[in-house]
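Trainee: So I've got this file, input34.pdb, and it contains PDB, C-alpha atoms:
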```pdb
MODEL        1
ATOM      1  CA  MET A 129       0.000   0.000   0.000  1.00  0.00           C
ATOM      2  CA  SER A 130       1.593   3.231  -1.116  1.00  0.00           C
ATOM      3  CA  ASP A 131       0.752   6.836  -0.386  1.00  0.00           C
ATOM      4  CA  VAL A 132      -0.515   7.145  -3.924  1.00  0.00           C
ATOM      5  CA  THR A 133      -3.745   5.372  -3.099  1.00  0.00           C
ATOM      6  CA  VAL A 134      -5.192   7.894  -0.690  1.00  0.00           C
ATOM      7  CA  THR A 135      -8.215   8.817  -2.735  1.00  0.00           C
ATOM      8  CA  SER A 136     -10.648   6.518  -4.404  1.00  0.00           C
ATOM      9  CA  ASP A 137     -11.503   6.336  -8.068  1.00  0.00           C
ATOM     10  CA  SER A 138     -14.851   4.741  -7.358  1.00  0.00           C
ATOM     11  CA  ILE A 139     -17.836   6.872  -8.149  1.00  0.00           C
ATOM     12  CA  GLU A 140     -21.568   6.483  -8.532  1.00  0.00           C
ATOM     13  CA  ALA A 141     -22.547   6.192 -12.190  1.00  0.00           C
ATOM     14  CA  SER A 142     -25.059   8.956 -11.576  1.00  0.00           C
ATOM     15  CA  ARG A 143     -22.150  11.233 -10.656  1.00  0.00           C
ATOM     16  CA  VAL A 144     -20.096  10.300 -13.709  1.00  0.00           C
ATOM     17  CA  ASN A 145     -22.805  12.040 -15.650  1.00  0.00           C
ATOM     18  CA  GLY A 146     -21.662  15.549 -16.233  1.00  0.00           C
ATOM     19  CA  THR A 147     -17.949  14.670 -16.308  1.00  0.00           C
ATOM     20  CA  ALA A 148     -16.141  16.675 -18.945  1.00  0.00           C
ATOM     21  CA  VAL A 149     -14.564  15.121 -22.017  1.00  0.00           C
ATOM     22  CA  TYR A 150     -11.537  16.705 -23.681  1.00  0.00           C
ATOM     23  CA  ASN A 151      -9.567  15.939 -26.774  1.00  0.00           C
ATOM     24  CA  THR A 152      -5.809  15.527 -26.660  1.00  0.00           C
ATOM     25  CA  GLU A 153      -5.363  19.237 -27.414  1.00  0.00           C
ATOM     26  CA  GLY A 154      -7.202  20.040 -24.188  1.00  0.00           C
ATOM     27  CA  GLU A 155     -10.318  21.300 -25.946  1.00  0.00           C
ATOM     28  CA  HIS A 156     -13.557  20.664 -24.093  1.00  0.00           C
ATOM     29  CA  LEU A 157     -15.688  18.466 -26.309  1.00  0.00           C
ATOM     30  CA  GLY A 158     -18.693  17.747 -24.190  1.00  0.00           C
ATOM     31  CA  GLN A 159     -19.820  15.731 -21.225  1.00  0.00           C
ATOM     32  CA  ILE A 160     -20.869  12.248 -20.274  1.00  0.00           C
ATOM     33  CA  ASP A 161     -24.601  11.803 -19.934  1.00  0.00           C
ATOM     34  CA  ASP A 162     -24.794   8.092 -19.186  1.00  0.00           C
ATOM     35  CA  VAL A 163     -22.810   4.884 -19.372  1.00  0.00           C
ATOM     36  CA  VAL A 164     -23.820   1.583 -20.952  1.00  0.00           C
ATOM     37  CA  ILE A 165     -22.994  -1.532 -18.974  1.00  0.00           C
ATOM     38  CA  GLY A 166     -23.243  -5.265 -19.516  1.00  0.00           C
ATOM     39  CA  LYS A 167     -25.945  -6.605 -17.229  1.00  0.00           C
ATOM     40  CA  ARG A 168     -24.132  -9.876 -16.771  1.00  0.00           C
ATOM     41  CA  ASP A 169     -20.425  -9.080 -16.820  1.00  0.00           C
ATOM     42  CA  GLY A 170     -20.651  -5.680 -15.175  1.00  0.00           C
ATOM     43  CA  ARG A 171     -18.318  -3.982 -17.587  1.00  0.00           C
ATOM     44  CA  VAL A 172     -18.781  -0.411 -18.665  1.00  0.00           C
ATOM     45  CA  ARG A 173     -18.912  -0.754 -22.432  1.00  0.00           C
ATOM     46  CA  TYR A 174     -19.771   2.707 -23.678  1.00  0.00           C
ATOM     47  CA  ALA A 175     -19.865   6.222 -22.414  1.00  0.00           C
ATOM     48  CA  ILE A 176     -22.657   8.267 -23.886  1.00  0.00           C
ATOM     49  CA  MET A 177     -21.627  11.798 -24.584  1.00  0.00           C
ATOM     50  CA  SER A 178     -23.480  14.880 -25.566  1.00  0.00           C
ATOM     51  CA  PHE A 179     -21.580  17.683 -27.176  1.00  0.00           C
ATOM     52  CA  GLY A 180     -23.772  20.617 -26.382  1.00  0.00           C
ATOM     53  CA  GLY A 181     -23.378  22.992 -29.253  1.00  0.00           C
ATOM     54  CA  PHE A 182     -20.101  21.468 -30.397  1.00  0.00           C
ATOM     55  CA  LEU A 183     -20.161  20.505 -34.072  1.00  0.00           C
ATOM     56  CA  GLY A 184     -23.705  21.791 -34.167  1.00  0.00           C
ATOM     57  CA  ILE A 185     -24.924  18.326 -33.287  1.00  0.00           C
ATOM     58  CA  GLY A 186     -26.962  19.608 -30.411  1.00  0.00           C
ATOM     59  CA  GLU A 187     -29.089  17.077 -28.722  1.00  0.00           C
ATOM     60  CA  ASP A 188     -27.745  13.826 -30.126  1.00  0.00           C
ATOM     61  CA  TYR A 189     -26.021  11.164 -28.078  1.00  0.00           C
ATOM     62  CA  HIS A 190     -22.603   9.964 -29.144  1.00  0.00           C
ATOM     63  CA  PRO A 191     -21.636   6.563 -27.772  1.00  0.00           C
ATOM     64  CA  LEU A 192     -17.916   5.951 -27.351  1.00  0.00           C
ATOM     65  CA  PRO A 193     -16.309   2.634 -26.474  1.00  0.00           C
ATOM     66  CA  TRP A 194     -15.068   2.861 -22.918  1.00  0.00           C
ATOM     67  CA  GLU A 195     -11.586   1.863 -24.091  1.00  0.00           C
ATOM     68  CA  VAL A 196     -11.082   5.149 -25.927  1.00  0.00           C
ATOM     69  CA  LEU A 197     -11.554   7.244 -22.776  1.00  0.00           C
ATOM     70  CA  LYS A 198      -8.659   7.914 -20.445  1.00  0.00           C
ATOM     71  CA  TYR A 199      -9.383   9.514 -17.123  1.00  0.00           C
ATOM     72  CA  ASP A 200      -7.115  12.452 -16.419  1.00  0.00           C
ATOM     73  CA  GLU A 201      -6.875  13.426 -12.774  1.00  0.00           C
ATOM     74  CA  ARG A 202      -5.335  16.808 -13.518  1.00  0.00           C
ATOM     75  CA  GLN A 203      -8.156  17.953 -15.794  1.00  0.00           C
ATOM     76  CA  GLY A 204     -10.755  16.097 -13.776  1.00  0.00           C
ATOM     77  CA  GLY A 205     -12.240  14.595 -16.888  1.00  0.00           C
ATOM     78  CA  TYR A 206     -11.801  12.113 -19.672  1.00  0.00           C
ATOM     79  CA  VAL A 207      -9.496  12.557 -22.624  1.00  0.00           C
ATOM     80  CA  VAL A 208     -10.206  10.979 -25.980  1.00  0.00           C
ATOM     81  CA  GLY A 209      -7.829  10.777 -28.909  1.00  0.00           C
ATOM     82  CA  ILE A 210     -10.505  11.356 -31.505  1.00  0.00           C
ATOM     83  CA  THR A 211     -10.365  13.931 -34.230  1.00  0.00           C
ATOM     84  CA  ARG A 212     -13.144  16.344 -35.037  1.00  0.00           C
ATOM     85  CA  GLU A 213     -13.515  14.671 -38.410  1.00  0.00           C
ATOM     86  CA  SER A 214     -13.945  11.290 -36.793  1.00  0.00           C
ATOM     87  CA  LEU A 215     -16.636  12.574 -34.448  1.00  0.00           C
ATOM     88  CA  GLU A 216     -18.530  14.193 -37.280  1.00  0.00           C
ATOM     89  CA  GLY A 217     -19.056  10.869 -38.983  1.00  0.00           C
ATOM     90  CA  ALA A 218     -19.489   8.816 -35.828  1.00  0.00           C
ATOM     91  CA  PRO A 219     -22.559   6.824 -34.803  1.00  0.00           C
ATOM     92  CA  ARG A 220     -25.071   8.910 -32.920  1.00  0.00           C
ATOM     93  CA  TYR A 221     -28.713   8.755 -32.025  1.00  0.00           C
ATOM     94  CA  ALA A 222     -31.487  10.973 -30.818  1.00  0.00           C
ATOM     95  CA  ARG A 223     -31.985  11.264 -27.074  1.00  0.00           C
ATOM     96  CA  SER A 224     -35.561  10.164 -27.410  1.00  0.00           C
ATOM     97  CA  THR A 225     -34.527   6.692 -28.599  1.00  0.00           C
ATOM     98  CA  THR A 226     -32.401   3.817 -27.331  1.00  0.00           C
ATOM     99  CA  PRO A 227     -30.520   1.542 -29.720  1.00  0.00           C
ATOM    100  CA  TRP A 228     -29.019  -0.764 -27.110  1.00  0.00           C
ATOM    101  CA  GLY A 229     -31.487  -3.593 -27.428  1.00  0.00           C
ATOM    102  CA  ASP A 230     -29.918  -4.481 -30.768  1.00  0.00           C
ATOM    103  CA  PRO A 231     -26.492  -6.154 -30.483  1.00  0.00           C
ATOM    104  CA  ALA A 232     -25.610  -4.919 -33.966  1.00  0.00           C
ATOM    105  CA  TYR A 233     -25.626  -1.340 -32.750  1.00  0.00           C
ATOM    106  CA  GLY A 234     -22.821  -1.829 -30.259  1.00  0.00           C
ATOM    107  CA  ARG A 235     -20.817  -3.677 -32.858  1.00  0.00           C
ATOM    108  CA  SER A 236     -21.227  -0.769 -35.258  1.00  0.00           C
ATOM    109  CA  VAL A 237     -19.770   1.558 -32.632  1.00  0.00           C
ATOM    110  CA  ASP A 238     -16.876  -0.801 -31.925  1.00  0.00           C
ATOM    111  CA  ASP A 239     -16.204  -1.089 -35.630  1.00  0.00           C
ATOM    112  CA  TYR A 240     -16.286   2.647 -36.183  1.00  0.00           C
ATOM    113  CA  TYR A 241     -13.657   3.305 -33.541  1.00  0.00           C
ATOM    114  CA  GLY A 242     -11.684   0.188 -34.367  1.00  0.00           C
ATOM    115  CA  VAL A 243     -11.770  -1.346 -30.920  1.00  0.00           C
ATOM    116  CA  PRO A 244     -12.068  -5.044 -30.142  1.00  0.00           C
ATOM    117  CA  GLY A 245     -15.725  -5.879 -29.736  1.00  0.00           C
ATOM    118  CA  THR A 246     -16.680  -6.447 -26.142  1.00  0.00           C
ATOM    119  CA  TYR A 247     -20.313  -6.402 -27.113  1.00  0.00           C
ATOM    120  CA  VAL A 248     -22.329  -9.594 -26.599  1.00  0.00           C
TER     121      VAL A 248
ATOM    122  CA  MET B   9     -22.522 -16.472 -34.234  1.00  0.00           C
ATOM    123  CA  SER B  10     -25.375 -18.509 -32.830  1.00  0.00           C
ATOM    124  CA  ASP B  11     -29.083 -17.828 -32.586  1.00  0.00           C
ATOM    125  CA  VAL B  12     -28.682 -17.401 -28.853  1.00  0.00           C
ATOM    126  CA  THR B  13     -27.296 -13.907 -29.241  1.00  0.00           C
ATOM    127  CA  VAL B  14     -30.358 -12.217 -30.647  1.00  0.00           C
ATOM    128  CA  THR B  15     -30.925  -9.805 -27.820  1.00  0.00           C
ATOM    129  CA  SER B  16     -28.410  -7.576 -26.145  1.00  0.00           C
ATOM    130  CA  ASP B  17     -27.509  -7.460 -22.491  1.00  0.00           C
ATOM    131  CA  SER B  18     -26.179  -3.939 -22.785  1.00  0.00           C
ATOM    132  CA  ILE B  19     -28.178  -1.327 -20.998  1.00  0.00           C
ATOM    133  CA  GLU B  20     -27.810   2.278 -19.942  1.00  0.00           C
ATOM    134  CA  ALA B  21     -26.823   2.547 -16.286  1.00  0.00           C
ATOM    135  CA  SER B  22     -29.704   4.956 -15.844  1.00  0.00           C
ATOM    136  CA  ARG B  23     -32.053   2.147 -16.867  1.00  0.00           C
ATOM    137  CA  VAL B  24     -30.473  -0.408 -14.534  1.00  0.00           C
ATOM    138  CA  ASN B  25     -31.845   1.777 -11.787  1.00  0.00           C
ATOM    139  CA  GLY B  26     -35.147   0.306 -10.777  1.00  0.00           C
ATOM    140  CA  THR B  27     -34.170  -3.275 -11.616  1.00  0.00           C
ATOM    141  CA  ALA B  28     -35.553  -5.691  -9.064  1.00  0.00           C
ATOM    142  CA  VAL B  29     -33.367  -7.734  -6.739  1.00  0.00           C
ATOM    143  CA  TYR B  30     -34.499 -11.118  -5.454  1.00  0.00           C
ATOM    144  CA  ASN B  31     -33.076 -13.592  -3.022  1.00  0.00           C
ATOM    145  CA  THR B  32     -32.597 -17.231  -3.970  1.00  0.00           C
ATOM    146  CA  GLU B  33     -36.079 -18.036  -2.620  1.00  0.00           C
ATOM    147  CA  GLY B  34     -37.560 -15.667  -5.184  1.00  0.00           C
ATOM    148  CA  GLU B  35     -38.509 -13.028  -2.641  1.00  0.00           C
ATOM    149  CA  HIS B  36     -38.367  -9.473  -3.882  1.00  0.00           C
ATOM    150  CA  LEU B  37     -35.808  -7.667  -1.736  1.00  0.00           C
ATOM    151  CA  GLY B  38     -35.616  -4.273  -3.310  1.00  0.00           C
ATOM    152  CA  GLN B  39     -34.267  -2.473  -6.308  1.00  0.00           C
ATOM    153  CA  ILE B  40     -31.081  -1.032  -7.683  1.00  0.00           C
ATOM    154  CA  ASP B  41     -30.806   2.727  -7.339  1.00  0.00           C
ATOM    155  CA  ASP B  42     -27.325   3.305  -8.728  1.00  0.00           C
ATOM    156  CA  VAL B  43     -24.097   1.526  -9.576  1.00  0.00           C
ATOM    157  CA  VAL B  44     -20.578   2.423  -8.511  1.00  0.00           C
ATOM    158  CA  ILE B  45     -17.917   2.207 -11.182  1.00  0.00           C
ATOM    159  CA  GLY B  46     -14.160   2.592 -11.343  1.00  0.00           C
ATOM    160  CA  LYS B  47     -13.389   5.764 -13.260  1.00  0.00           C
ATOM    161  CA  ARG B  48     -10.230   4.295 -14.698  1.00  0.00           C
ATOM    162  CA  ASP B  49     -10.886   0.607 -15.238  1.00  0.00           C
ATOM    163  CA  GLY B  50     -14.559   0.918 -16.112  1.00  0.00           C
ATOM    164  CA  ARG B  51     -15.662  -1.948 -13.944  1.00  0.00           C
ATOM    165  CA  VAL B  52     -18.969  -1.937 -12.135  1.00  0.00           C
ATOM    166  CA  ARG B  53     -17.867  -2.517  -8.548  1.00  0.00           C
ATOM    167  CA  TYR B  54     -21.016  -2.142  -6.512  1.00  0.00           C
ATOM    168  CA  ALA B  55     -24.720  -2.038  -6.997  1.00  0.00           C
ATOM    169  CA  ILE B  56     -26.488   0.277  -4.635  1.00  0.00           C
ATOM    170  CA  MET B  57     -29.785  -1.099  -3.478  1.00  0.00           C
ATOM    171  CA  SER B  58     -32.639   0.302  -1.565  1.00  0.00           C
ATOM    172  CA  PHE B  59     -35.004  -2.055   0.135  1.00  0.00           C
ATOM    173  CA  GLY B  60     -38.090   0.037   0.400  1.00  0.00           C
ATOM    174  CA  GLY B  61     -39.804  -1.068   3.537  1.00  0.00           C
ATOM    175  CA  PHE B  62     -37.945  -4.377   3.664  1.00  0.00           C
ATOM    176  CA  LEU B  63     -36.276  -4.976   7.027  1.00  0.00           C
ATOM    177  CA  GLY B  64     -37.610  -1.609   8.076  1.00  0.00           C
ATOM    178  CA  ILE B  65     -34.428  -0.015   6.807  1.00  0.00           C
ATOM    179  CA  GLY B  66     -36.342   2.476   4.739  1.00  0.00           C
ATOM    180  CA  GLU B  67     -34.277   5.060   3.017  1.00  0.00           C
ATOM    181  CA  ASP B  68     -30.783   3.685   3.472  1.00  0.00           C
ATOM    182  CA  TYR B  69     -28.553   2.575   0.629  1.00  0.00           C
ATOM    183  CA  HIS B  70     -27.060  -0.902   0.729  1.00  0.00           C
ATOM    184  CA  PRO B  71     -23.991  -1.360  -1.460  1.00  0.00           C
ATOM    185  CA  LEU B  72     -23.396  -4.880  -2.720  1.00  0.00           C
ATOM    186  CA  PRO B  73     -20.284  -6.069  -4.530  1.00  0.00           C
ATOM    187  CA  TRP B  74     -21.208  -6.614  -8.149  1.00  0.00           C
ATOM    188  CA  GLU B  75     -19.890 -10.182  -7.919  1.00  0.00           C
ATOM    189  CA  VAL B  76     -22.717 -11.251  -5.612  1.00  0.00           C
ATOM    190  CA  LEU B  77     -25.414 -10.316  -8.136  1.00  0.00           C
ATOM    191  CA  LYS B  78     -26.461 -12.734 -10.830  1.00  0.00           C
ATOM    192  CA  TYR B  79     -28.724 -11.479 -13.573  1.00  0.00           C
ATOM    193  CA  ASP B  80     -31.689 -13.770 -14.133  1.00  0.00           C
ATOM    194  CA  GLU B  81     -33.373 -13.355 -17.508  1.00  0.00           C
ATOM    195  CA  ARG B  82     -36.478 -15.217 -16.451  1.00  0.00           C
ATOM    196  CA  GLN B  83     -37.209 -12.983 -13.484  1.00  0.00           C
ATOM    197  CA  GLY B  84     -35.880  -9.916 -15.234  1.00  0.00           C
ATOM    198  CA  GLY B  85     -33.830  -8.979 -12.231  1.00  0.00           C
ATOM    199  CA  TYR B  86     -30.819  -9.785 -10.128  1.00  0.00           C
ATOM    200  CA  VAL B  87     -30.604 -12.655  -7.671  1.00  0.00           C
ATOM    201  CA  VAL B  88     -28.392 -12.494  -4.612  1.00  0.00           C
ATOM    202  CA  GLY B  89     -27.542 -15.371  -2.319  1.00  0.00           C
ATOM    203  CA  ILE B  90     -27.645 -13.289   0.828  1.00  0.00           C
ATOM    204  CA  THR B  91     -29.603 -14.120   3.915  1.00  0.00           C
ATOM    205  CA  ARG B  92     -31.859 -11.714   5.735  1.00  0.00           C
ATOM    206  CA  GLU B  93     -29.532 -11.899   8.719  1.00  0.00           C
ATOM    207  CA  SER B  94     -26.580 -10.942   6.578  1.00  0.00           C
ATOM    208  CA  LEU B  95     -28.391  -7.935   5.138  1.00  0.00           C
ATOM    209  CA  GLU B  96     -29.433  -6.741   8.555  1.00  0.00           C
ATOM    210  CA  GLY B  97     -25.842  -6.339   9.656  1.00  0.00           C
ATOM    211  CA  ALA B  98     -24.498  -5.176   6.303  1.00  0.00           C
ATOM    212  CA  PRO B  99     -22.829  -1.847   5.538  1.00  0.00           C
ATOM    213  CA  ARG B 100     -25.310   0.864   4.649  1.00  0.00           C
ATOM    214  CA  TYR B 101     -25.449   4.602   4.500  1.00  0.00           C
ATOM    215  CA  ALA B 102     -27.931   7.413   4.332  1.00  0.00           C
ATOM    216  CA  ARG B 103     -28.988   8.605   0.899  1.00  0.00           C
ATOM    217  CA  SER B 104     -27.939  12.113   1.745  1.00  0.00           C
ATOM    218  CA  THR B 105     -24.274  11.087   1.998  1.00  0.00           C
ATOM    219  CA  THR B 106     -21.671   9.437  -0.213  1.00  0.00           C
ATOM    220  CA  PRO B 107     -18.904   7.288   1.247  1.00  0.00           C
ATOM    221  CA  TRP B 108     -17.136   6.460  -2.012  1.00  0.00           C
ATOM    222  CA  GLY B 109     -14.367   9.009  -1.771  1.00  0.00           C
ATOM    223  CA  ASP B 110     -12.774   6.887   0.950  1.00  0.00           C
ATOM    224  CA  PRO B 111     -11.106   3.698  -0.329  1.00  0.00           C
ATOM    225  CA  ALA B 112     -11.581   2.083   3.059  1.00  0.00           C
ATOM    226  CA  TYR B 113     -15.341   2.102   2.599  1.00  0.00           C
ATOM    227  CA  GLY B 114     -15.296  -0.121  -0.449  1.00  0.00           C
ATOM    228  CA  ARG B 115     -12.922  -2.470   1.277  1.00  0.00           C
ATOM    229  CA  SER B 116     -15.278  -2.741   4.232  1.00  0.00           C
ATOM    230  CA  VAL B 117     -18.058  -3.802   1.858  1.00  0.00           C
ATOM    231  CA  ASP B 118     -15.828  -6.340   0.130  1.00  0.00           C
ATOM    232  CA  ASP B 119     -14.753  -7.720   3.495  1.00  0.00           C
ATOM    233  CA  TYR B 120     -18.308  -7.982   4.788  1.00  0.00           C
ATOM    234  CA  TYR B 121     -19.427 -10.083   1.841  1.00  0.00           C
ATOM    235  CA  GLY B 122     -16.161 -11.972   1.618  1.00  0.00           C
ATOM    236  CA  VAL B 123     -15.351 -11.110  -1.964  1.00  0.00           C
ATOM    237  CA  PRO B 124     -11.887 -10.420  -3.337  1.00  0.00           C
ATOM    238  CA  GLY B 125     -11.253  -6.693  -3.172  1.00  0.00           C
ATOM    239  CA  THR B 126     -11.446  -5.022  -6.541  1.00  0.00           C
ATOM    240  CA  TYR B 127     -11.396  -1.664  -4.828  1.00  0.00           C
ATOM    241  CA  VAL B 128      -8.437   0.631  -5.538  1.00  0.00           C
TER     242      VAL B 128
ENDMDL
END
```
Go ahead and render the structure in this file as structure tokens.

Mentor:
Amino acid sequence: MSDVTVTSDSIEASRVNGTAVYNTEGEHLGQIDDVVIGKRDGRVRYAIMSFGGFLGIGEDYHPLPWEVLKYDERQGGYVVGITRESLEGAPRYARSTTPWGDPAYGRSVDDYYGVPGTYV
Amino acid sequence: MSDVTVTSDSIEASRVNGTAVYNTEGEHLGQIDDVVIGKRDGRVRYAIMSFGGFLGIGEDYHPLPWEVLKYDERQGGYVVGITRESLEGAPRYARSTTPWGDPAYGRSVDDYYGVPGTYV
């Protein structure tokens, strides 16, 4: 046990909502509105982000594979190495809907960001 | 790819809230109100349950290590192999507080239920 572990990184999912997301240039992209978990394996698979006015995408939800987010203690938020161009073409959906009942949707997100599919 | 995987088990954390929790006798114990995740590793560590009137504990939150919950498709909820006696003496806290900033709290929950500590 070292002195490093004096604070916890555990947090209620309800409090993750609102956490800022930055790109690697330190620009504020948006915030996390929800996370998607596997009911059986208890893994956080996707973070759902909204971008506010960024990119003019307004009220859509952008799911990101959890693997692409790195938590940065200094900024107090997540950093993603995703370009503006990549986000513009990324999977997104209207807040009034939920695509998660269809396994193909998660796979389409994994494929878009080129991460190994954890989706079952 | 088999026919078994036609529905998804991915779900928004916000929708996990409200999921029923049963004991192994099929009794309805309560419901999940939130989940606690690791900001860095993205693992669901605890489910936070409220028991309604059960045990007369009213408005307290009962954290349970994720490992003790098994999702049961048939009942559409989680099943825990925990006795009433065990719940009565289990760690709990008032809704108006949050203990998760202190690493020792998670360890106390892990220790109570005898699960390997995943808490950092």

Trainee: Find the spatial neighbours of region 29-38 of chain B, counting all atoms listed in the file, within a cut-off of 6 Å - ignore same-chain residues fewer than 6 positions away - and output them as a list in words.

Mentor: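 Contacts, with the query itself left out: Ser58, Phe59, Gly85, Tyr86, Val87, Val88 and Gly89 of chain B.
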
Trainee: Would you mind telling me which residue in B:Lys47, B:Pro99, B:Ser22, B:Arg92 lies nearest to Asp200 (chain A) when using all atoms listed in the file?

Mentor: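 Between B:Lys47, B:Pro99, B:Ser22, B:Arg92, the residue approaching Asp200 (chain A) most closely is B:Lys47.
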
Trainee: With a distance threshold of 7 Å and counting all atoms listed in the file, extract the residues of chain A near chain B and express them as a PyMOL selection string.

Mentor: chain A and resi 135-142+162-168+170-172+198-199+228-231+248

Trainee: Could you write out chain B as a short mmCIF file (atom, residue, chain, number, x, y, z; two decimals) with C-alpha atoms, in the coordinates of the input once it has been least-squares superposed on chain A using every ordered C-alpha pair?

Mentor:
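Here's the written file part-v6.cif:
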```
data_model
loop_
_atom_site.label_atom_id
_atom_site.label_comp_id
_atom_site.auth_asym_id
_atom_site.auth_seq_id
_atom_site.Cartn_x
_atom_site.Cartn_y
_atom_site.Cartn_z
CA MET B 9 -0.08 -0.20 0.42
CA SER B 10 1.55 3.00 -0.75
CA ASP B 11 0.73 6.63 -0.09
CA VAL B 12 -0.44 6.93 -3.67
CA THR B 13 -3.74 5.26 -2.90
CA VAL B 14 -5.19 7.87 -0.60
CA THR B 15 -8.15 8.81 -2.72
CA SER B 16 -10.60 6.53 -4.40
CA ASP B 17 -11.44 6.35 -8.07
CA SER B 18 -14.79 4.75 -7.36
CA ILE B 19 -17.77 6.88 -8.16
CA GLU B 20 -21.50 6.48 -8.54
CA ALA B 21 -22.49 6.20 -12.20
CA SER B 22 -25.01 8.95 -11.56
CA ARG B 23 -22.12 11.24 -10.66
CA VAL B 24 -20.06 10.31 -13.72
CA ASN B 25 -22.79 12.04 -15.64
CA GLY B 26 -21.65 15.57 -16.23
CA THR B 27 -17.95 14.69 -16.33
CA ALA B 28 -16.15 16.70 -18.97
CA VAL B 29 -14.57 15.15 -22.04
CA TYR B 30 -11.55 16.73 -23.71
CA ASN B 31 -9.59 15.97 -26.82
CA THR B 32 -5.82 15.56 -26.72
CA GLU B 33 -5.41 19.29 -27.46
CA GLY B 34 -7.24 20.08 -24.24
CA GLU B 35 -10.37 21.33 -25.97
CA HIS B 36 -13.58 20.71 -24.11
CA LEU B 37 -15.72 18.50 -26.33
CA GLY B 38 -18.72 17.78 -24.20
CA GLN B 39 -19.83 15.76 -21.24
CA ILE B 40 -20.87 12.28 -20.29
CA ASP B 41 -24.61 11.82 -19.94
CA ASP B 42 -24.80 8.11 -19.20
CA VAL B 43 -22.80 4.90 -19.39
CA VAL B 44 -23.80 1.60 -20.95
CA ILE B 45 -22.97 -1.50 -18.97
CA GLY B 46 -23.22 -5.24 -19.50
CA LYS B 47 -25.90 -6.58 -17.20
CA ARG B 48 -24.09 -9.85 -16.75
CA ASP B 49 -20.39 -9.06 -16.82
CA GLY B 50 -20.61 -5.66 -15.17
CA ARG B 51 -18.28 -3.97 -17.59
CA VAL B 52 -18.75 -0.38 -18.65
CA ARG B 53 -18.89 -0.73 -22.43
CA TYR B 54 -19.76 2.73 -23.67
CA ALA B 55 -19.86 6.25 -22.43
CA ILE B 56 -22.65 8.28 -23.89
CA MET B 57 -21.63 11.83 -24.60
CA SER B 58 -23.47 14.90 -25.58
CA PHE B 59 -21.58 17.70 -27.19
CA GLY B 60 -23.76 20.63 -26.41
CA GLY B 61 -23.37 22.99 -29.29
CA PHE B 62 -20.11 21.41 -30.43
CA LEU B 63 -20.17 20.47 -34.12
CA GLY B 64 -23.71 21.75 -34.19
CA ILE B 65 -24.93 18.29 -33.31
CA GLY B 66 -26.99 19.59 -30.45
CA GLU B 67 -29.11 17.07 -28.71
CA ASP B 68 -27.77 13.83 -30.12
CA TYR B 69 -26.04 11.17 -28.07
CA HIS B 70 -22.62 9.96 -29.15
CA PRO B 71 -21.64 6.56 -27.76
CA LEU B 72 -17.92 5.97 -27.36
CA PRO B 73 -16.30 2.66 -26.49
CA TRP B 74 -15.05 2.90 -22.94
CA GLU B 75 -11.57 1.89 -24.13
CA VAL B 76 -11.08 5.18 -25.98
CA LEU B 77 -11.54 7.26 -22.82
CA LYS B 78 -8.65 7.93 -20.50
CA TYR B 79 -9.38 9.53 -17.16
CA ASP B 80 -7.10 12.48 -16.47
CA GLU B 81 -6.86 13.44 -12.81
CA ARG B 82 -5.33 16.81 -13.56
CA GLN B 83 -8.15 17.95 -15.82
CA GLY B 84 -10.75 16.11 -13.81
CA GLY B 85 -12.23 14.62 -16.92
CA TYR B 86 -11.80 12.13 -19.71
CA VAL B 87 -9.49 12.59 -22.67
CA VAL B 88 -10.22 11.01 -26.03
CA GLY B 89 -7.85 10.81 -28.96
CA ILE B 90 -10.54 11.38 -31.55
CA THR B 91 -10.41 13.95 -34.28
CA ARG B 92 -13.20 16.35 -35.10
CA GLU B 93 -13.57 14.66 -38.47
CA SER B 94 -13.99 11.29 -36.82
CA LEU B 95 -16.68 12.59 -34.49
CA GLU B 96 -18.58 14.19 -37.32
CA GLY B 97 -19.10 10.86 -39.03
CA ALA B 98 -19.51 8.82 -35.85
CA PRO B 99 -22.57 6.81 -34.81
CA ARG B 100 -25.11 8.89 -32.92
CA TYR B 101 -28.74 8.74 -32.01
CA ALA B 102 -31.52 10.95 -30.80
CA ARG B 103 -32.01 11.24 -27.06
CA SER B 104 -35.58 10.14 -27.39
CA THR B 105 -34.53 6.67 -28.58
CA THR B 106 -32.40 3.81 -27.31
CA PRO B 107 -30.52 1.53 -29.70
CA TRP B 108 -29.00 -0.78 -27.09
CA GLY B 109 -31.47 -3.61 -27.39
CA ASP B 110 -29.91 -4.50 -30.74
CA PRO B 111 -26.48 -6.17 -30.47
CA ALA B 112 -25.61 -4.94 -33.94
CA TYR B 113 -25.63 -1.35 -32.73
CA GLY B 114 -22.83 -1.84 -30.25
CA ARG B 115 -20.82 -3.67 -32.85
CA SER B 116 -21.23 -0.77 -35.26
CA VAL B 117 -19.78 1.56 -32.63
CA ASP B 118 -16.88 -0.79 -31.92
CA ASP B 119 -16.19 -1.09 -35.64
CA TYR B 120 -16.29 2.65 -36.21
CA TYR B 121 -13.66 3.32 -33.56
CA GLY B 122 -11.68 0.21 -34.38
CA VAL B 123 -11.77 -1.34 -30.94
CA PRO B 124 -12.07 -5.04 -30.19
CA GLY B 125 -15.73 -5.88 -29.75
CA THR B 126 -16.68 -6.45 -26.15
CA TYR B 127 -20.32 -6.40 -27.15
CA VAL B 128 -22.34 -9.58 -26.62
#
```

Trainee: Looking at B:Ile40, B:Ser104, B:Leu72, B:Glu67, which one is nearest to Val117 (chain B), with distances taken over all atoms listed in the file?

Mentor: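 Counting all atoms listed in the file, the residue closest to Val117 (chain B) is B:Leu72.
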
Trainee: What is the distance, in Å and to one decimal place, between CA of His190 (chain A) and CA of Ala218 (chain A)?

Mentor: 7.5 Å

Trainee: Centre and edge lengths of an axis-aligned box around all listed atoms of region 158-174 of chain A, with 5 Å added on each side, are to be given in Å to one decimal, as AutoDock Vina command-line options.

Mentor:
```
--center_x -22.1 --center_y 3.9 --center_z -19.7 --size_x 17.6 --size_y 37.6 --size_z 19.0
```
